[in-house]
$ cat structure.cif   # mmCIF, C-alpha atoms (C1' of nucleotides)
data_my_file
loop_
_atom_site.label_atom_id
_atom_site.label_comp_id
_atom_site.auth_asym_id
_atom_site.auth_seq_id
_atom_site.Cartn_x
_atom_site.Cartn_y
_atom_site.Cartn_z
CA MET O 27 0.00 0.00 0.00
CA SER O 28 1.29 3.41 -0.87
CA VAL O 29 1.45 6.09 1.74
CA THR O 30 1.35 9.82 1.14
CA PRO O 31 3.98 11.47 3.32
CA THR O 32 3.07 14.81 4.84
CA ARG O 33 6.51 16.19 4.01
CA ASP O 34 7.82 16.14 0.50
CA ARG O 35 11.55 15.98 0.96
CA ARG O 36 12.17 16.48 -2.73
CA SER O 37 10.25 19.72 -3.00
CA GLU O 38 11.72 20.91 0.26
CA ARG O 39 15.15 20.52 -1.20
CA HIS O 40 14.04 22.18 -4.40
CA GLU O 41 12.80 25.18 -2.46
CA ALA O 42 16.02 25.33 -0.46
CA THR O 43 18.08 25.42 -3.63
CA ARG O 44 15.84 28.10 -5.09
CA ALA O 45 16.40 30.19 -2.00
CA GLU O 46 20.13 29.61 -2.22
CA ILE O 47 20.16 30.76 -5.84
CA LEU O 48 18.20 33.86 -4.96
CA GLU O 49 20.58 34.74 -2.15
CA ALA O 50 23.52 34.32 -4.51
CA ALA O 51 21.76 36.47 -7.11
CA TRP O 52 21.35 39.27 -4.60
CA GLU O 53 24.99 39.04 -3.64
CA LEU O 54 26.07 39.34 -7.26
CA ALA O 55 23.69 42.24 -7.83
CA ARG O 56 25.17 44.06 -4.87
CA GLU O 57 28.72 43.36 -6.01
CA GLN O 58 28.51 44.11 -9.71
CA GLY O 59 25.29 45.97 -10.23
CA LEU O 60 21.79 44.69 -10.80
CA ALA O 61 21.92 44.95 -14.57
CA ALA O 62 25.24 43.09 -14.73
CA LEU O 63 23.75 39.91 -13.29
CA SER O 64 24.39 36.94 -15.58
CA LEU O 65 23.32 33.33 -15.41
CA ARG O 66 26.91 32.23 -15.97
CA ASP O 67 28.15 34.04 -12.89
CA LEU O 68 25.13 33.02 -10.91
CA GLY O 69 25.58 29.37 -11.79
CA ARG O 70 29.24 29.47 -10.90
CA LYS O 71 28.45 31.05 -7.57
CA VAL O 72 26.15 28.20 -6.56
CA GLY O 73 28.31 25.49 -8.14
CA MET O 74 26.21 24.81 -11.20
CA ARG O 75 26.26 25.35 -14.91
CA ALA O 76 24.14 28.22 -16.07
CA GLN O 77 21.83 25.83 -17.86
CA SER O 78 20.98 23.99 -14.68
CA LEU O 79 19.39 27.09 -13.25
CA TYR O 80 16.55 26.47 -15.64
CA SER O 81 15.45 23.61 -13.40
CA TYR O 82 14.61 26.28 -10.82
CA PHE O 83 13.60 29.31 -12.83
CA ASP O 84 12.02 29.59 -16.24
CA SER O 85 14.09 32.55 -17.33
CA LYS O 86 16.31 35.33 -16.17
CA HIS O 87 13.30 37.57 -15.80
CA ALA O 88 11.77 34.95 -13.53
CA ILE O 89 14.84 35.31 -11.33
CA TYR O 90 14.48 39.08 -11.26
CA ASP O 91 10.85 38.57 -10.41
CA ALA O 92 11.64 36.26 -7.50
CA MET O 93 14.29 38.71 -6.32
CA PHE O 94 11.68 41.42 -6.42
CA ALA O 95 9.24 39.33 -4.40
CA ARG O 96 11.93 38.52 -1.87
CA GLY O 97 12.83 42.20 -1.47
CA VAL O 98 9.23 43.18 -0.90
CA ALA O 99 8.81 40.38 1.64
CA ASP O 100 11.91 41.51 3.52
CA PHE O 101 10.55 45.02 3.75
CA LEU O 102 7.14 43.89 4.90
CA GLU O 103 8.64 41.73 7.59
CA ARG O 104 10.57 44.62 9.05
CA ASN O 105 7.62 46.90 8.68
CA ARG O 106 5.37 44.56 10.63
CA GLN O 107 7.86 44.32 13.45
CA LEU O 108 7.56 48.05 13.91
CA GLY O 109 5.31 48.69 16.92
CA SER O 110 3.17 51.68 17.69
CA THR O 111 3.52 54.31 20.37
CA ASP O 112 0.94 56.77 21.63
CA ASN O 113 2.47 59.42 19.39
CA PRO O 114 1.39 58.88 15.77
CA ARG O 115 3.99 61.30 14.45
CA ASP O 116 6.78 59.47 16.18
CA ASP O 117 5.45 56.39 14.46
CA VAL O 118 5.68 58.10 11.08
CA ARG O 119 9.21 59.20 11.86
CA ALA O 120 10.02 55.61 12.75
CA VAL O 121 8.61 54.18 9.54
CA ALA O 122 10.43 56.86 7.55
CA ARG O 123 13.72 55.91 9.19
CA LEU O 124 12.99 52.24 8.60
CA PHE O 125 12.30 52.82 4.92
CA PHE O 126 15.30 55.05 4.48
CA GLY O 127 17.62 52.53 6.09
CA PHE O 128 16.14 49.67 4.08
CA CYS O 129 16.75 51.49 0.81
CA VAL O 130 20.19 52.84 1.56
CA GLU O 131 21.65 49.63 2.92
CA ASP O 132 21.21 47.96 -0.46
CA PRO O 133 21.08 50.26 -3.49
CA ALA O 134 20.71 47.34 -5.88
CA ARG O 135 17.57 46.31 -4.07
CA TYR O 136 16.31 49.88 -4.14
CA GLN O 137 16.91 49.92 -7.86
CA LEU O 138 14.94 46.74 -8.50
CA LEU O 139 12.06 47.54 -6.16
CA PHE O 140 11.55 51.23 -6.70
CA GLN O 141 13.16 52.27 -9.95
CA ARG O 142 12.46 50.87 -13.39
CA THR O 143 15.86 50.59 -14.98
CA ILE O 144 16.09 46.97 -16.15
CA PRO O 145 15.02 47.07 -19.80
CA GLY O 146 12.11 44.75 -20.39
CA PHE O 147 11.54 43.77 -16.80
CA GLU O 148 8.52 44.51 -14.74
CA PRO O 149 7.35 42.52 -11.75
CA SER O 150 4.53 40.06 -12.20
CA PRO O 151 1.22 40.98 -10.60
CA GLU O 152 1.74 38.26 -7.97
CA SER O 153 5.08 39.69 -6.94
CA PHE O 154 3.90 43.24 -7.06
CA ALA O 155 0.71 42.85 -5.07
CA PRO O 156 2.32 42.57 -1.62
CA SER O 157 4.15 45.84 -2.14
CA VAL O 158 0.80 47.58 -1.98
CA GLU O 159 0.53 46.40 1.60
CA GLY O 160 3.70 48.25 2.48
CA LEU O 161 2.26 51.47 1.16
CA GLU O 162 -0.93 50.89 3.11
CA LEU O 163 1.00 50.55 6.35
CA LEU O 164 2.45 54.01 5.77
CA SER O 165 -0.91 55.33 4.66
CA ARG O 166 -2.57 54.20 7.89
CA ARG O 167 0.13 55.71 10.07
CA LEU O 168 -0.12 58.96 8.17
CA ALA O 169 -3.88 59.04 8.64
CA ASP O 170 -3.40 58.47 12.37
CA ALA O 171 -1.08 61.45 12.37
CA GLY O 172 -3.56 63.74 10.67
CA ALA O 173 -2.50 63.36 7.04
CA ASP O 174 -5.46 61.57 5.51
CA ASP O 175 -5.63 63.05 2.03
CA PRO O 176 -4.35 60.84 -0.83
CA ALA O 177 -2.19 63.76 -1.93
CA ASP O 178 -0.65 63.81 1.56
CA LEU O 179 0.54 60.27 1.04
CA ASP O 180 1.96 61.13 -2.39
CA LEU O 181 3.87 64.07 -1.00
CA CYS O 182 5.21 61.99 1.86
CA THR O 183 6.50 59.20 -0.37
CA ALA O 184 8.09 61.78 -2.66
CA LEU O 185 9.78 63.49 0.26
CA ILE O 186 11.28 60.31 1.67
CA THR O 187 12.31 58.71 -1.61
CA GLY O 188 13.85 62.02 -2.61
CA LEU O 189 16.13 61.93 0.41
CA VAL O 190 16.92 58.29 -0.29
CA ASP O 191 17.73 59.02 -3.89
CA GLN O 192 20.08 61.86 -3.13
CA GLN O 193 21.77 59.84 -0.43
CA ILE O 194 22.40 56.89 -2.72
CA SER O 195 23.41 58.95 -5.74
CA ASN O 196 25.51 61.65 -4.15
CA ASP O 197 26.80 60.37 -0.82
CA PRO O 198 26.76 56.58 -0.90
CA GLY O 199 27.64 55.13 2.47
CA GLY O 200 27.35 58.53 4.13
CA ASP O 201 24.57 60.27 6.05
CA ARG O 202 24.39 63.71 4.44
CA TRP O 203 20.69 63.31 3.63
CA TYR O 204 19.83 60.92 6.44
CA ARG O 205 20.57 63.75 8.85
CA LEU O 206 17.77 65.75 7.20
CA LEU O 207 15.15 63.05 7.55
CA ASP O 208 13.56 64.01 10.87
CA GLU O 209 13.63 67.65 9.92
CA ALA O 210 11.92 66.84 6.66
CA VAL O 211 9.14 64.96 8.42
CA ASP O 212 8.66 67.88 10.79
CA MET O 213 8.40 70.22 7.83
CA TYR O 214 5.82 67.89 6.35
CA PHE O 215 3.67 67.85 9.47
CA ALA O 216 3.94 71.59 9.89
CA ARG O 217 2.31 71.90 6.49
CA ILE O 218 -0.39 69.39 7.45
CA ASP O 219 -1.14 71.43 10.56
CA THR O 220 -1.33 74.70 8.67
CA ARG O 221 -3.79 73.23 6.24
CA THR O 222 -5.85 71.65 9.00
CA ASN O 223 -6.07 74.98 10.82
CA ARG O 224 -7.14 76.72 7.64
CA ARG O 225 -9.88 74.18 7.26
CA LYS O 226 -11.21 74.72 10.78
CA ARG O 227 -11.62 78.43 10.32
CA MET P 8 53.03 78.09 -50.77
CA SER P 9 50.68 76.36 -48.37
CA VAL P 10 47.88 78.24 -46.72
CA THR P 11 46.22 77.44 -43.43
CA PRO P 12 42.47 77.80 -43.84
CA THR P 13 40.55 79.24 -40.91
CA ARG P 14 37.85 76.63 -41.30
CA ASP P 15 38.63 72.96 -41.32
CA ARG P 16 35.89 71.46 -43.41
CA ARG P 17 36.95 67.95 -42.55
CA SER P 18 36.71 68.39 -38.81
CA GLU P 19 33.47 70.30 -39.20
CA ARG P 20 32.00 67.32 -40.93
CA HIS P 21 33.44 65.03 -38.32
CA GLU P 22 31.75 67.03 -35.58
CA ALA P 23 28.48 67.05 -37.46
CA THR P 24 28.54 63.26 -37.76
CA ARG P 25 29.37 62.95 -34.07
CA ALA P 26 26.36 65.09 -33.24
CA GLU P 27 24.19 63.00 -35.52
CA ILE P 28 25.32 59.82 -33.82
CA LEU P 29 24.59 61.29 -30.41
CA GLU P 30 21.12 62.34 -31.44
CA ALA P 31 20.45 58.82 -32.73
CA ALA P 32 21.80 57.37 -29.50
CA TRP P 33 19.39 59.45 -27.46
CA GLU P 34 16.51 58.37 -29.66
CA LEU P 35 17.38 54.71 -29.16
CA ALA P 36 17.77 55.21 -25.42
CA ARG P 37 14.34 56.78 -25.26
CA GLU P 38 12.79 54.01 -27.34
CA GLN P 39 14.35 50.92 -25.81
CA GLY P 40 15.85 51.99 -22.54
CA LEU P 41 19.23 53.47 -21.80
CA ALA P 42 20.87 50.19 -20.82
CA ALA P 43 19.62 48.48 -23.98
CA LEU P 44 21.63 50.75 -26.24
CA SER P 45 23.89 48.78 -28.56
CA LEU P 46 26.44 49.82 -31.13
CA ARG P 47 24.85 47.57 -33.72
CA ASP P 48 21.50 49.32 -33.44
CA LEU P 49 23.15 52.69 -33.26
CA GLY P 50 25.19 52.05 -36.36
CA ARG P 51 22.16 50.87 -38.27
CA LYS P 52 20.25 53.98 -37.26
CA VAL P 53 22.85 56.30 -38.73
CA GLY P 54 23.54 54.09 -41.77
CA MET P 55 26.88 52.69 -40.66
CA ARG P 56 28.36 49.47 -39.48
CA ALA P 57 28.87 49.33 -35.78
CA GLN P 58 32.62 49.23 -36.26
CA SER P 59 32.63 52.54 -38.08
CA LEU P 60 31.40 54.26 -34.96
CA TYR P 61 34.88 53.79 -33.57
CA SER P 62 36.06 56.52 -35.92
CA TYR P 63 33.98 58.90 -33.81
CA PHE P 64 34.05 57.45 -30.34
CA ASP P 65 36.69 55.37 -28.59
CA SER P 66 34.23 53.07 -26.88
CA LYS P 67 30.64 52.62 -25.87
CA HIS P 68 31.33 54.32 -22.58
CA ALA P 69 32.68 57.30 -24.50
CA ILE P 70 29.29 57.52 -26.18
CA TYR P 71 27.51 57.42 -22.84
CA ASP P 72 29.88 60.10 -21.67
CA ALA P 73 29.14 62.35 -24.62
CA MET P 74 25.42 61.73 -24.12
CA PHE P 75 25.85 62.78 -20.52
CA ALA P 76 27.66 65.96 -21.51
CA ARG P 77 25.00 66.77 -24.05
CA GLY P 78 22.23 66.28 -21.47
CA VAL P 79 23.94 68.58 -19.02
CA ALA P 80 24.46 71.20 -21.71
CA ASP P 81 20.79 71.05 -22.68
CA PHE P 82 19.77 71.63 -19.10
CA LEU P 83 22.17 74.50 -18.63
CA GLU P 84 20.94 76.19 -21.76
CA ARG P 85 17.36 76.14 -20.58
CA ASN P 86 18.40 77.18 -17.11
CA ARG P 87 20.24 80.22 -18.39
CA GLN P 88 17.25 81.31 -20.42
CA LEU P 89 15.29 81.53 -17.21
CA GLY P 90 15.07 85.17 -16.18
CA SER P 91 14.59 86.66 -12.77
CA THR P 92 11.64 88.50 -11.28
CA ASP P 93 11.51 90.71 -8.23
CA ASN P 94 10.16 87.78 -6.24
CA PRO P 95 12.96 85.31 -5.40
CA ARG P 96 10.53 82.62 -4.35
CA ASP P 97 8.70 82.79 -7.64
CA ASP P 98 12.10 82.33 -9.24
CA VAL P 99 12.67 79.19 -7.19
CA ARG P 100 9.26 77.90 -8.15
CA ALA P 101 10.15 78.56 -11.78
CA VAL P 102 13.45 76.72 -11.62
CA ALA P 103 11.75 73.82 -9.84
CA ARG P 104 9.18 73.57 -12.59
CA LEU P 105 11.89 73.80 -15.21
CA PHE P 106 13.87 71.01 -13.62
CA PHE P 107 10.81 68.85 -13.10
CA GLY P 108 9.77 69.23 -16.71
CA PHE P 109 13.25 68.57 -17.99
CA CYS P 110 13.47 65.30 -16.04
CA VAL P 111 10.00 64.01 -16.75
CA GLU P 112 10.01 64.70 -20.48
CA ASP P 113 12.86 62.22 -20.95
CA PRO P 114 13.21 59.51 -18.29
CA ALA P 115 16.18 57.95 -20.05
CA ARG P 116 18.04 61.23 -19.78
CA TYR P 117 17.06 61.51 -16.14
CA GLN P 118 18.44 58.03 -15.59
CA LEU P 119 21.79 58.83 -17.18
CA LEU P 120 22.22 62.24 -15.61
CA PHE P 121 20.92 61.72 -12.12
CA GLN P 122 20.83 58.03 -11.35
CA ARG P 123 23.73 55.62 -11.46
CA THR P 124 22.29 52.51 -13.02
CA ILE P 125 24.62 51.72 -15.93
CA PRO P 126 27.10 49.19 -14.53
CA GLY P 127 30.63 50.43 -14.94
CA PHE P 128 29.78 53.86 -16.27
CA GLU P 129 30.48 57.11 -14.59
CA PRO P 130 30.88 60.43 -16.32
CA SER P 131 34.37 61.77 -16.92
CA PRO P 132 35.41 64.78 -14.87
CA GLU P 133 35.19 66.95 -17.99
CA SER P 134 31.61 65.94 -18.64
CA PHE P 135 30.61 66.14 -15.03
CA ALA P 136 32.07 69.54 -14.22
CA PRO P 137 29.41 71.63 -15.99
CA SER P 138 26.67 69.93 -14.01
CA VAL P 139 28.00 71.67 -10.92
CA GLU P 140 27.08 74.94 -12.54
CA GLY P 141 23.44 73.86 -12.73
CA LEU P 142 23.40 73.19 -9.04
CA GLU P 143 24.95 76.57 -8.36
CA LEU P 144 22.23 78.33 -10.30
CA LEU P 145 19.67 76.76 -7.97
CA SER P 146 21.85 77.47 -4.98
CA ARG P 147 22.03 81.16 -5.77
CA ARG P 148 18.32 81.46 -6.29
CA LEU P 149 17.70 79.68 -3.01
CA ALA P 150 20.05 82.02 -1.20
CA ASP P 151 18.19 85.00 -2.68
CA ALA P 152 15.01 83.50 -1.31
CA GLY P 153 16.38 83.13 2.20
CA ALA P 154 17.61 79.55 2.12
CA ASP P 155 21.33 79.97 2.38
CA ASP P 156 22.40 76.99 4.45
CA PRO P 157 24.05 74.10 2.52
CA ALA P 158 21.56 71.78 4.18
CA ASP P 159 18.75 73.92 2.75
CA LEU P 160 20.04 73.18 -0.72
CA ASP P 161 20.27 69.47 0.02
CA LEU P 162 16.72 69.36 1.29
CA CYS P 163 15.48 71.28 -1.73
CA THR P 164 17.12 68.98 -4.25
CA ALA P 165 15.79 65.96 -2.37
CA LEU P 166 12.28 67.38 -2.36
CA ILE P 167 12.21 68.10 -6.08
CA THR P 168 13.94 64.93 -7.25
CA GLY P 169 11.61 62.95 -4.99
CA LEU P 170 8.61 64.33 -6.81
CA VAL P 171 10.30 63.66 -10.14
CA ASP P 172 11.12 60.13 -9.16
CA GLN P 173 7.62 59.28 -8.06
CA GLN P 174 6.19 60.88 -11.18
CA ILE P 175 8.41 58.87 -13.49
CA SER P 176 8.10 55.58 -11.61
CA ASN P 177 4.44 55.60 -10.69
CA ASP P 178 2.60 57.83 -13.09
CA PRO P 179 4.65 58.16 -16.27
CA GLY P 180 3.15 60.69 -18.61
CA GLY P 181 0.75 61.93 -15.96
CA ASP P 182 0.83 64.85 -13.53
CA ARG P 183 -0.05 63.25 -10.20
CA TRP P 184 3.14 64.55 -8.56
CA TYR P 185 3.61 67.60 -10.76
CA ARG P 186 0.44 68.97 -9.21
CA LEU P 187 2.13 68.86 -5.81
CA LEU P 188 5.21 70.78 -6.88
CA ASP P 189 4.20 74.33 -6.00
CA GLU P 190 2.70 73.18 -2.74
CA ALA P 191 5.93 71.37 -1.90
CA VAL P 192 7.98 74.48 -2.52
CA ASP P 193 5.63 76.46 -0.30
CA MET P 194 6.03 73.88 2.42
CA TYR P 195 9.76 74.20 2.02
CA PHE P 196 9.76 77.97 2.38
CA ALA P 197 7.41 77.82 5.32
CA ARG P 198 10.03 75.79 7.10
CA ILE P 199 12.76 78.25 6.10
CA ASP P 200 10.68 81.09 7.57
CA THR P 201 10.04 79.27 10.81
CA ARG P 202 13.70 78.65 11.27
CA THR P 203 14.62 82.23 10.38
CA ASN P 204 12.13 83.55 12.91
CA ARG P 205 13.52 81.24 15.58
CA ARG P 206 16.96 82.60 14.87
CA LYS P 207 15.90 86.19 15.23
CA ARG P 208 14.50 85.69 18.69
"C1'" DG K 22 18.56 17.41 -11.39
"C1'" DT K 23 22.72 18.03 -13.51
"C1'" DC K 24 25.55 17.51 -17.06
"C1'" DT K 25 27.48 18.04 -22.12
"C1'" DA K 26 26.64 19.83 -26.30
"C1'" DT K 27 24.84 23.09 -28.96
"C1'" DA K 28 21.98 26.73 -30.95
"C1'" DT K 29 21.39 31.39 -31.43
"C1'" DT K 30 21.93 35.97 -30.66
"C1'" DT K 31 24.26 39.69 -29.27
"C1'" DG K 32 27.67 42.33 -27.61
"C1'" DG K 33 32.13 45.30 -27.90
"C1'" DA K 34 36.29 45.71 -30.25
"C1'" DT K 35 40.47 45.13 -33.71
"C1'" DA K 36 42.99 44.50 -38.34
"C1'" DG K 37 43.53 45.66 -42.69
"C1'" DA K 38 41.84 46.55 -47.54
"C1'" DC K 39 40.05 50.24 -50.19
"C1'" DG S 20 36.21 57.11 -43.06
"C1'" DT S 21 34.00 53.21 -44.16
"C1'" DC S 22 33.96 48.82 -45.31
"C1'" DT S 23 34.70 43.44 -44.85
"C1'" DA S 24 36.29 40.08 -42.16
"C1'" DT S 25 37.01 38.42 -37.90
"C1'" DC S 26 37.69 37.81 -33.07
"C1'" DC S 27 36.42 36.93 -28.73
"C1'" DA S 28 33.55 36.88 -25.10
"C1'" DA S 29 29.21 36.74 -23.12
"C1'" DA S 30 24.47 36.16 -23.07
"C1'" DT S 31 19.94 33.35 -22.87
"C1'" DA S 32 18.04 29.24 -23.94
"C1'" DT S 33 17.03 24.19 -25.65
"C1'" DA S 34 17.90 19.04 -26.44
"C1'" DG S 35 19.13 14.98 -24.85
"C1'" DA S 36 22.34 11.73 -22.27
"C1'" DC S 37 23.05 10.00 -17.67
#
$ encode --input "structure.cif" --output "C-alpha cells"
Amino acid sequence: MSVTPTRDRRSERHEATRAEILEAAWELAREQGLAALSLRDLGRKVGMRAQSLYSYFDSKHAIYDAMFARGVADFLERNRQLGSTDNPRDDVRAVARLFFGFCVEDPARYQLLFQRTIPGFEPSPESFAPSVEGLELLSRRLADAGADDPADLDLCTALITGLVDQQISNDPGGDRWYRLLDEAVDMYFARIDTRTNRRKR
Amino acid sequence: MSVTPTRDRRSERHEATRAEILEAAWELAREQGLAALSLRDLGRKVGMRAQSLYSYFDSKHAIYDAMFARGVADFLERNRQLGSTDNPRDDVRAVARLFFGFCVEDPARYQLLFQRTIPGFEPSPESFAPSVEGLELLSRRLADAGADDPADLDLCTALITGLVDQQISNDPGGDRWYRLLDEAVDMYFARIDTRTNRRKR
DNA sequence: GTCTATATTTGGATAGAC
DNA sequence: GTCTATCCAAATATAGAC
C-alpha cells in the first residue's frame, strides 16, 4: 500500500536550492550591479552550470521577479515588526527611518524595487501585489497622524524617496541626507497642521 | 606656398557626424531603454556598421559620456534662459518647474544624468564639471530666497527629485506629482521662515 | 537534477583593404 | 572614413544523455 507522506523531501530541497540561488543572485547584484547579473556568474556562484538554473527558474526575468518578491517580503517583515507608540507622528518618523535605512543599505535592491531601470523587466502581478501592503501601512500611520488626504501620502513618499535618492546617488555610504530626515518629516507635518487649521476656520 | 584655412571642413564634418550619432543614441535610449543601447543598433540607425562608430568614439562608454555631456548642456541652456523677477521665491518655483519638466520629459536622460544605473559607467570629470554649474544656479536662487544653508540646498534637491522620481516611476506621462510641486515648494519655504524667525528671537 | 553539447543571438572591439 | 572580415567573449536558452 502506498502512503502519502506529509513532508515532500524532494520539494523541500528544491525550495532550499531556489532560496540559495536567490541569495547568490542578490549578492552578485550588490557586487557588480543589478543589470550586470548573468546566469553564468550566478551558476558558478552556486556550483552549477548556467543551464541547470533552468530547473529552478524559467528565465532570467523569472529570477528578477523572485528577487523582487523577496525584497518586498523583507521590507514587509521589518515593517510589521515596527510597533506603535501613543504618538502617531513618532510612528511616522520611525517608519520613515525604517524605509530610508532599508533602501540605503542595499542600493541594488532599491533599484529593482523602486526604480524601473532593467530594460524589459517589470514585476509580475503576484510579486507586485504585496508591495501595496507596504504602502498601506504608511498610509494608515499617516492618517493616524492627521494626514489623511491621498495627496498627503503622495507628498510623503516623494519626500522620503527624494532623500533616499540623493543619499544613494551623491553620498553613498554617508549620512548627508539621512541627517535631514527628521527635519523633513517635521516640515511635512507643519504643512499638514497649517492646512488643517485653515480648514477649521 | 601652403595656406592654413581658418575653417577645417573635414573636422566640421566630423563634428556634425558625431552630433548626428549622439542624437540617434538618445533616440534609441528613449525608445528601448538606456541600458539596452547597442552599437549595432546605433550604427544601423545612422547608416553605418557598428565598427565605423569607432572613428567617432573610442568606446561605448565614450558615447555614454558624450550623451551625458549633451544632457547637461541642454539643461544649462534652458536654465540660463530663465530670467529673474523681483520675487525670489517665484524664481525658485520657476526653476523647480523647469527642472521637473526637464526630467520628466525624458526619463532615459534623467536616468543617465541623475541616477547611477549603468554598470561600470560614470561620467568623466570633464563631462561632469558643468553639471556643478546647474546646481549653483539653484543654490544662488535659493540664497536669494532666504535659504542659504548648505543643508537647505540638500533638502530642496531631495524634495524636487523625490517628486520627479515618483512621477516617473508611478505615473509616467501623468501629472499626479507635478500637481504637488508648488505646494511642496511652499512647504519648504514655510520651514525656512520658521527657522529664520527662531533665529531672530 | 545536472551535465554536455549546442543553438542562437548579441555584444564590444580590432585588423587591414580600399 | 567606411567597409569586410574576424575575433572573442558573453548572453539566454534548448535538447538529450546520464
$ residues_near_point --input "structure.cif" --point "(8.7, 57.2, -3.6)" --cutoff "7 Å" --atoms "all atoms listed in the file" --output "list of chain:residue names"
O:Thr183, O:Ala184, O:Ile186, O:Thr187, P:Gly169, P:Asp172, P:Gln173
$ interface_residues --input "structure.cif" --of "chain O" --to "chain S" --cutoff "10 Å" --atoms "all atoms listed in the file" --output "list in words"
Ser64, Leu65, Arg66, Ala76, Gln77, Tyr80, Asp84, Ser85 and Lys86 of chain O
$ residues_around --input "structure.cif" --residues "Ile194 (chain O)" --least-positions-apart "3" --cutoff "7 Å" --atoms "all atoms listed in the file" --output "list in words"
Val130, Pro133, Val190, Asp191, Asp197 and Pro198 of chain O
$ interface_residues --input "structure.cif" --of "chain P" --to "chain O" --cutoff "10 Å" --atoms "all atoms listed in the file" --output "MDAnalysis selection string"
chainID P and resid 39:44 114:115 118 121:127 158:159 161:177 183:184 186:188 190:191 193:199 201
$ resolve_selection --input "structure.cif" --expression "the PyMOL selection byres ((chain K) within 10 of (chain O))" --output "list in words"
DG22, DT23 and DC24 of chain K
$ atom_distance --input "structure.cif" --atom1 "CA of Val121 (chain O)" --atom2 "CA of Gly172 (chain O)"
15.5 Å
$ axis_aligned_box --input "structure.cif" --around "region 36-51 of chain O" --padding-each-side "6 Å" --output "JSON"
{"center_x": 16.9, "center_y": 26.5, "center_z": -3.4, "size_x": 25.3, "size_y": 32.0, "size_z": 19.4}
$ atom_distance --input "structure.cif" --atom1 "CA of Phe106 (chain P)" --atom2 "CA of Ala173 (chain O)"
27.4 Å
$ resolve_selection --input "structure.cif" --expression "the PyMOL selection byres ((chain P and resi 146-152) around 7)" --output "number ranges by chain"
P: 95-96, 98-99, 142-145, 153-155, 160
$ residues_around --input "structure.cif" --residues "Glu103 (chain O)" --least-positions-apart "6" --cutoff "12 Å" --atoms "all atoms listed in the file" --output "list in words"
Arg96, Gly97, Leu124, Phe125, Phe128, Pro156, Ser157, Glu159, Gly160 and Leu163 of chain O
$ atom_distance --input "structure.cif" --atom1 "CA of Val72 (chain O)" --atom2 "CA of Ala51 (chain O)"
9.4 Å
$ residues_around --input "structure.cif" --residues "Ala92 (chain O)" --least-positions-apart "4" --cutoff "8 Å" --atoms "all atoms listed in the file" --output "list in words"
Leu48, Ala88, Arg96 and Ser153 of chain O
$ build_atoms --input "structure.cif" --residues "region 19-30 of chain P" --atoms "N, CA, C and O atoms" --output "JSON list (two decimals), keeping the file's coordinate frame"
[["chain", "number", "residue", "atom", "x", "y", "z"],
["P", 19, "GLU", "N", 34.87, 69.87, -39.34],
["P", 19, "GLU", "CA", 33.47, 70.30, -39.20],
["P", 19, "GLU", "C", 32.53, 69.15, -39.51],
["P", 19, "GLU", "O", 31.56, 68.91, -38.81],
["P", 20, "ARG", "N", 32.85, 68.45, -40.56],
["P", 20, "ARG", "CA", 32.00, 67.32, -40.93],
["P", 20, "ARG", "C", 32.06, 66.22, -39.88],
["P", 20, "ARG", "O", 31.06, 65.59, -39.56],
["P", 21, "HIS", "N", 33.26, 66.03, -39.37],
["P", 21, "HIS", "CA", 33.44, 65.03, -38.32],
["P", 21, "HIS", "C", 32.55, 65.36, -37.12],
["P", 21, "HIS", "O", 31.84, 64.50, -36.59],
["P", 22, "GLU", "N", 32.57, 66.61, -36.72],
["P", 22, "GLU", "CA", 31.75, 67.03, -35.58],
["P", 22, "GLU", "C", 30.27, 66.86, -35.87],
["P", 22, "GLU", "O", 29.50, 66.46, -35.01],
["P", 23, "ALA", "N", 29.88, 67.17, -37.09],
["P", 23, "ALA", "CA", 28.48, 67.05, -37.46],
["P", 23, "ALA", "C", 28.03, 65.60, -37.37],
["P", 23, "ALA", "O", 26.94, 65.29, -36.87],
["P", 24, "THR", "N", 28.88, 64.68, -37.83],
["P", 24, "THR", "CA", 28.54, 63.26, -37.76],
["P", 24, "THR", "C", 28.47, 62.80, -36.30],
["P", 24, "THR", "O", 27.58, 62.06, -35.91],
["P", 25, "ARG", "N", 29.41, 63.26, -35.50],
["P", 25, "ARG", "CA", 29.37, 62.95, -34.07],
["P", 25, "ARG", "C", 28.04, 63.37, -33.46],
["P", 25, "ARG", "O", 27.41, 62.60, -32.72],
["P", 26, "ALA", "N", 27.62, 64.58, -33.79],
["P", 26, "ALA", "CA", 26.36, 65.09, -33.24],
["P", 26, "ALA", "C", 25.19, 64.24, -33.71],
["P", 26, "ALA", "O", 24.27, 63.93, -32.95],
["P", 27, "GLU", "N", 25.27, 63.83, -34.98],
["P", 27, "GLU", "CA", 24.19, 63.00, -35.52],
["P", 27, "GLU", "C", 24.11, 61.66, -34.80],
["P", 27, "GLU", "O", 23.03, 61.16, -34.47],
["P", 28, "ILE", "N", 25.27, 61.09, -34.55],
["P", 28, "ILE", "CA", 25.32, 59.82, -33.82],
["P", 28, "ILE", "C", 24.74, 59.97, -32.42],
["P", 28, "ILE", "O", 23.96, 59.14, -31.95],
["P", 29, "LEU", "N", 25.10, 61.07, -31.77],
["P", 29, "LEU", "CA", 24.59, 61.29, -30.41],
["P", 29, "LEU", "C", 23.08, 61.44, -30.41],
["P", 29, "LEU", "O", 22.40, 60.88, -29.53],
["P", 30, "GLU", "N", 22.56, 62.17, -31.37],
["P", 30, "GLU", "CA", 21.12, 62.34, -31.44],
["P", 30, "GLU", "C", 20.44, 60.98, -31.62],
["P", 30, "GLU", "O", 19.45, 60.67, -30.96]]
